[in-house]
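Colleague: Sending over a structure as structure tokens; questions will come in a sec.
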Amino acid sequence: MVSLSGEEIERYARHIILRDVGGPGQAKLKAARVLVIGAGGLGSPLLQYLAAAGVGTIGIADDDIVSLSNLQRQVIHGTPDIDRPKVDSAVDAIARLNPHVQVVPHRLRVVPGNVEALLADYDVIADGSDNFATRYLVSDTAFHVGRPLVMGALGTFDASLTTIRAHERGPDGRPNPTYRCL
């Protein structure tokens, strides 16, 4: 089991006192590997919360750069980050927020040629991409490599959040639905 340093025990004290988390739960968070696809409107706050919670390894996959029009909703980036790759800006922000977190930047577009190897290195996949082609590709691959997938989507004034565990079976023994099924 992964152990926590004295500084981490103090940092995560509010989690550790929760009956459903405790020290063992926080150690599991530290051992976890989460891949976030997209460092934009959905990925930005997610990256901050994963880092603050103490997730041990956070991968970030994005091929875009920060622009001025991103800043009102992509809160991990700031004005000095304009024209920088989003993954680089996010890495720096996470390092400032929590030095105990390892960040793995993947400055790339998720495509059929790289998606399987990318997803296979992580325990959980969080998809904040902004197009259906990527969503279907990530969902199909998460199923094939046996990883849970958390998908978020934003409309103009609405949002959805879905966890898909298509690689598992439900209590009735039937396969769980995929994103395509839904």
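We label chains A, B, ... in the order they appear in the structure tokens, count residues from 1 in each chain, and number ligands from 1 in the order shown.
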Applying 8 Å and only C-alpha atoms, which residues near stretch 43-54 of chain A remain after dropping the ones on its own chain fewer than 2 positions away? List them as a VMD selection string.
Modeller: chain A and resid 12 26 29 to 30 36 to 41 56 58 74 to 77 90 94 97 to 98 100 to 101 127 to 128
Colleague: Mind writing the picked residues with N, CA and C atoms as a tab-separated table (two decimals), in the first residue's frame?
Modeller:
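Final file, out.tsv:
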```
chain	number	residue	atom	x	y	z
A	12	TYR	N	-4.33	16.51	3.31
A	12	TYR	CA	-5.55	15.77	3.03
A	12	TYR	C	-6.36	15.46	4.29
A	26	GLN	N	-7.37	7.65	1.01
A	26	GLN	CA	-6.45	8.67	0.51
A	26	GLN	C	-5.22	8.02	-0.12
A	29	LEU	N	-6.21	7.06	-3.55
A	29	LEU	CA	-6.17	8.22	-4.44
A	29	LEU	C	-4.75	8.52	-4.88
A	30	LYS	N	-3.82	8.43	-3.95
A	30	LYS	CA	-2.41	8.69	-4.28
A	30	LYS	C	-1.88	7.67	-5.29
A	36	VAL	N	-7.10	12.70	-18.21
A	36	VAL	CA	-8.11	13.70	-18.55
A	36	VAL	C	-7.89	14.08	-20.01
A	37	ILE	N	-8.92	13.87	-20.81
A	37	ILE	CA	-8.85	14.22	-22.22
A	37	ILE	C	-9.50	15.58	-22.39
A	38	GLY	N	-8.66	16.57	-22.70
A	38	GLY	CA	-9.12	17.94	-22.86
A	38	GLY	C	-8.79	18.77	-21.64
A	39	ALA	N	-8.08	19.88	-21.86
A	39	ALA	CA	-7.76	20.81	-20.77
A	39	ALA	C	-8.50	22.12	-21.00
A	40	GLY	N	-9.75	21.99	-21.44
A	40	GLY	CA	-10.58	23.14	-21.74
A	40	GLY	C	-11.62	23.39	-20.66
A	41	GLY	N	-12.84	23.67	-21.09
A	41	GLY	CA	-13.92	24.05	-20.17
A	41	GLY	C	-14.27	22.99	-19.16
A	56	GLY	N	-2.64	10.60	-7.52
A	56	GLY	CA	-1.18	10.51	-7.64
A	56	GLY	C	-0.62	10.82	-9.00
A	58	ILE	N	-1.76	12.21	-12.88
A	58	ILE	CA	-2.79	12.77	-13.76
A	58	ILE	C	-2.18	12.96	-15.14
A	74	GLN	N	-12.08	28.42	-18.87
A	74	GLN	CA	-11.02	27.41	-18.71
A	74	GLN	C	-10.09	27.88	-17.60
A	75	VAL	N	-10.54	27.67	-16.37
A	75	VAL	CA	-10.01	28.34	-15.19
A	75	VAL	C	-8.62	27.90	-14.75
A	76	ILE	N	-8.07	26.88	-15.35
A	76	ILE	CA	-6.71	26.47	-14.98
A	76	ILE	C	-5.67	27.35	-15.67
A	77	HIS	N	-6.08	28.05	-16.72
A	77	HIS	CA	-5.20	28.91	-17.50
A	77	HIS	C	-5.38	30.37	-17.11
A	90	ALA	N	-1.44	23.77	-17.91
A	90	ALA	CA	-2.06	22.95	-16.88
A	90	ALA	C	-1.02	22.28	-15.98
A	94	ILE	N	-0.97	22.84	-11.94
A	94	ILE	CA	-1.09	21.72	-11.01
A	94	ILE	C	0.12	21.66	-10.08
A	97	LEU	N	-0.47	24.02	-7.38
A	97	LEU	CA	-1.56	23.60	-6.51
A	97	LEU	C	-1.15	22.45	-5.59
A	98	ASN	N	-0.44	21.46	-6.15
A	98	ASN	CA	-0.09	20.29	-5.35
A	98	ASN	C	1.18	19.63	-5.88
A	100	HIS	N	2.72	17.18	-4.83
A	100	HIS	CA	2.75	15.74	-4.60
A	100	HIS	C	2.16	14.94	-5.76
A	101	VAL	N	1.61	15.64	-6.74
A	101	VAL	CA	0.96	15.00	-7.88
A	101	VAL	C	1.93	14.93	-9.05
A	127	ASP	N	-13.30	11.98	-19.96
A	127	ASP	CA	-13.38	12.58	-21.30
A	127	ASP	C	-14.11	13.92	-21.23
A	128	GLY	N	-13.36	14.97	-21.52
A	128	GLY	CA	-13.93	16.31	-21.61
A	128	GLY	C	-13.77	16.85	-23.02
```
Colleague: Would you list the contacts of A:Leu137 as a list in words, taking every protein, DNA or RNA residue within 10 Å and counting only C-alpha atoms, but skipping same-chain residues closer than 3 positions in sequence?
Modeller: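 Contacts, with the query itself left out: Val110, Val111, Pro112, Val115, Glu116, Phe132, Ala133, Thr134, Asp140, Thr141, Ala142 and Tyr179 of chain A.
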Colleague: Would you output that residue set with N, CA and C atoms, as a tab-separated table (two decimals), in the first residue's frame?
Modeller:
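Resulting contents of selection.tsv:
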```tsv
chain	number	residue	atom	x	y	z
A	110	VAL	N	-6.16	12.99	-29.71
A	110	VAL	CA	-6.47	11.59	-29.52
A	110	VAL	C	-7.06	11.07	-30.84
A	111	VAL	N	-6.37	10.10	-31.44
A	111	VAL	CA	-6.75	9.55	-32.74
A	111	VAL	C	-6.63	8.02	-32.68
A	112	PRO	N	-7.18	7.33	-33.67
A	112	PRO	CA	-7.12	5.86	-33.64
A	112	PRO	C	-5.70	5.30	-33.49
A	115	VAL	N	-4.75	6.08	-29.37
A	115	VAL	CA	-5.69	6.04	-28.25
A	115	VAL	C	-5.54	4.81	-27.37
A	116	GLU	N	-5.31	3.64	-27.94
A	116	GLU	CA	-5.25	2.44	-27.11
A	116	GLU	C	-4.06	2.48	-26.15
A	132	PHE	N	-17.95	14.64	-31.14
A	132	PHE	CA	-18.47	13.28	-31.05
A	132	PHE	C	-17.49	12.23	-31.56
A	133	ALA	N	-16.70	12.55	-32.56
A	133	ALA	CA	-15.74	11.56	-33.08
A	133	ALA	C	-14.78	11.13	-31.97
A	134	THR	N	-14.26	12.08	-31.21
A	134	THR	CA	-13.35	11.75	-30.11
A	134	THR	C	-14.09	11.00	-29.01
A	140	ASP	N	-15.21	3.68	-27.12
A	140	ASP	CA	-14.97	2.34	-27.68
A	140	ASP	C	-13.66	1.76	-27.14
A	141	THR	N	-12.64	2.60	-27.07
A	141	THR	CA	-11.33	2.12	-26.61
A	141	THR	C	-11.34	1.81	-25.11
A	142	ALA	N	-12.02	2.64	-24.32
A	142	ALA	CA	-12.13	2.35	-22.89
A	142	ALA	C	-12.78	0.99	-22.66
A	179	TYR	N	-21.24	3.95	-24.52
A	179	TYR	CA	-21.69	5.27	-24.95
A	179	TYR	C	-22.54	5.15	-26.22
```
Colleague: Return as JSON lines the residues of stretch 48-138 of chain A lying at most 12 Å from stretch 151-171 of chain A, together with the closest atom-to-atom pair for each and the distance in Å to one decimal, counting only C-alpha atoms, with rows in chain order and ascending residue number.
Modeller:
```
{"residue": "A:Arg73", "atom": "CA", "partner": "A:Leu154", "partner_atom": "CA", "distance": 11.6}
{"residue": "A:Val124", "atom": "CA", "partner": "A:Arg165", "partner_atom": "CA", "distance": 10.1}
{"residue": "A:Ile125", "atom": "CA", "partner": "A:Met151", "partner_atom": "CA", "distance": 8.4}
{"residue": "A:Ala126", "atom": "CA", "partner": "A:Met151", "partner_atom": "CA", "distance": 5.9}
{"residue": "A:Asp127", "atom": "CA", "partner": "A:Met151", "partner_atom": "CA", "distance": 4.9}
{"residue": "A:Gly128", "atom": "CA", "partner": "A:Gly152", "partner_atom": "CA", "distance": 5.6}
{"residue": "A:Ser129", "atom": "CA", "partner": "A:Ala153", "partner_atom": "CA", "distance": 8.2}
{"residue": "A:Asp130", "atom": "CA", "partner": "A:Ala153", "partner_atom": "CA", "distance": 7.8}
{"residue": "A:Asn131", "atom": "CA", "partner": "A:Ala153", "partner_atom": "CA", "distance": 9.7}
{"residue": "A:Phe132", "atom": "CA", "partner": "A:Ala153", "partner_atom": "CA", "distance": 10.5}
{"residue": "A:Thr134", "atom": "CA", "partner": "A:Met151", "partner_atom": "CA", "distance": 11.4}
{"residue": "A:Arg135", "atom": "CA", "partner": "A:Met151", "partner_atom": "CA", "distance": 8.3}
{"residue": "A:Tyr136", "atom": "CA", "partner": "A:Met151", "partner_atom": "CA", "distance": 10.8}
{"residue": "A:Val138", "atom": "CA", "partner": "A:Met151", "partner_atom": "CA", "distance": 9.8}
```
Colleague: For those residues, write N, CA, C and O atoms to a file as a compact mmCIF listing (two decimals), in the first residue's frame.
Modeller:
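Once everything was written out, this is again-v4.txt:
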```
# COMPACT_ATOMS: atom_id res chain seq x y z
N ARG A 73 -13.76 30.60 -19.05
CA ARG A 73 -14.32 29.32 -18.64
C ARG A 73 -13.27 28.23 -18.39
O ARG A 73 -13.57 27.23 -17.78
N VAL A 124 -8.51 5.21 -14.75
CA VAL A 124 -9.80 5.85 -15.04
C VAL A 124 -9.57 6.86 -16.14
O VAL A 124 -8.56 7.58 -16.13
N ILE A 125 -10.53 6.97 -17.06
CA ILE A 125 -10.45 7.92 -18.15
C ILE A 125 -11.56 8.95 -17.94
O ILE A 125 -12.71 8.58 -17.70
N ALA A 126 -11.22 10.23 -18.02
CA ALA A 126 -12.20 11.31 -17.92
C ALA A 126 -12.20 12.06 -19.25
O ALA A 126 -11.20 12.68 -19.61
N ASP A 127 -13.30 11.98 -19.96
CA ASP A 127 -13.38 12.58 -21.30
C ASP A 127 -14.11 13.92 -21.23
O ASP A 127 -15.30 13.97 -20.96
N GLY A 128 -13.36 14.97 -21.52
CA GLY A 128 -13.93 16.31 -21.61
C GLY A 128 -13.77 16.85 -23.02
O GLY A 128 -13.69 18.06 -23.21
N SER A 129 -13.69 15.96 -24.00
CA SER A 129 -13.49 16.40 -25.39
C SER A 129 -14.75 17.12 -25.89
O SER A 129 -15.82 17.01 -25.30
N ASP A 130 -14.59 17.83 -27.00
CA ASP A 130 -15.68 18.67 -27.48
C ASP A 130 -16.21 18.25 -28.84
O ASP A 130 -16.78 19.05 -29.57
N ASN A 131 -16.03 16.96 -29.18
CA ASN A 131 -16.58 16.49 -30.46
C ASN A 131 -16.95 15.02 -30.35
O ASN A 131 -16.37 14.26 -29.59
N PHE A 132 -17.95 14.64 -31.14
CA PHE A 132 -18.47 13.28 -31.05
C PHE A 132 -17.49 12.23 -31.56
O PHE A 132 -17.44 11.12 -31.03
N THR A 134 -14.26 12.08 -31.21
CA THR A 134 -13.35 11.75 -30.11
C THR A 134 -14.09 11.00 -29.01
O THR A 134 -13.58 10.02 -28.46
N ARG A 135 -15.29 11.43 -28.68
CA ARG A 135 -16.07 10.76 -27.63
C ARG A 135 -16.30 9.28 -27.95
O ARG A 135 -16.13 8.41 -27.11
N TYR A 136 -16.72 9.01 -29.20
CA TYR A 136 -16.94 7.62 -29.59
C TYR A 136 -15.65 6.83 -29.58
O TYR A 136 -15.61 5.68 -29.12
N VAL A 138 -12.89 7.36 -27.80
CA VAL A 138 -12.46 7.14 -26.42
C VAL A 138 -13.35 6.10 -25.73
O VAL A 138 -12.86 5.20 -25.05
```
Colleague: Tell me, in Å to one decimal, how far atom CA of A:Pro177 is from atom CA of A:His144.
Modeller: 13.1 Å
Colleague: Residues of chain A classed as strand (DSSP E) by DSSP on the backbone are to be reported as number ranges by chain.
Modeller: A: 33-37, 57-61, 102-106, 124-127, 149-154, 159-164
Colleague: DSSP on the backbone: which residues in chain A end up as alpha helix (DSSP H)? Give the answer as a PyMOL selection string.
Modeller: chain A and resi 6-11+13-16+22-31+43-53+86-97+115-120+132-145
Colleague: Can you tell me which residues surround A:Ser89 at a distance of at most 9 Å, considering only C-alpha atoms, apart from same-chain residues fewer than 3 positions away, and format the answer as a list of chain:residue names?
Modeller: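 My reading of the contact set: A:Ile65, A:Val66, A:Ile76, A:His77, A:Gly78, A:Asp81, A:Arg84, A:Pro85, A:Lys86, A:Asp92, A:Ala93, A:Ile94.
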Colleague: Go ahead and save the residues from that selection, with N, CA and C atoms, as a compact mmCIF listing (two decimals), in the first residue's frame.
Modeller:
```txt
# COMPACT_ATOMS: atom_id res chain seq x y z
N ILE A 65 -3.79 25.28 -27.93
CA ILE A 65 -3.09 26.33 -27.19
C ILE A 65 -4.12 27.23 -26.50
N VAL A 66 -3.68 27.93 -25.49
CA VAL A 66 -4.55 28.84 -24.74
C VAL A 66 -4.76 30.10 -25.56
N ILE A 76 -8.07 26.88 -15.35
CA ILE A 76 -6.71 26.47 -14.98
C ILE A 76 -5.67 27.35 -15.67
N HIS A 77 -6.08 28.05 -16.72
CA HIS A 77 -5.20 28.91 -17.50
C HIS A 77 -5.38 30.37 -17.11
N GLY A 78 -4.33 31.17 -17.28
CA GLY A 78 -4.38 32.60 -16.99
C GLY A 78 -3.87 33.42 -18.15
N ASP A 81 -0.66 32.74 -19.89
CA ASP A 81 -0.59 31.47 -20.62
C ASP A 81 -1.04 31.58 -22.08
N ARG A 84 0.35 29.55 -25.16
CA ARG A 84 1.08 28.37 -24.68
C ARG A 84 0.23 27.13 -24.92
N PRO A 85 0.85 25.98 -25.08
CA PRO A 85 0.07 24.75 -25.12
C PRO A 85 -0.72 24.58 -23.82
N LYS A 86 -1.96 24.16 -23.95
CA LYS A 86 -2.80 23.98 -22.76
C LYS A 86 -2.20 22.96 -21.80
N ASP A 92 1.91 23.43 -15.16
CA ASP A 92 2.42 24.46 -14.24
C ASP A 92 1.42 24.78 -13.15
N ALA A 93 0.14 24.88 -13.51
CA ALA A 93 -0.90 25.20 -12.52
C ALA A 93 -1.03 24.08 -11.49
N ILE A 94 -0.97 22.84 -11.94
CA ILE A 94 -1.09 21.72 -11.01
C ILE A 94 0.12 21.66 -10.08
```
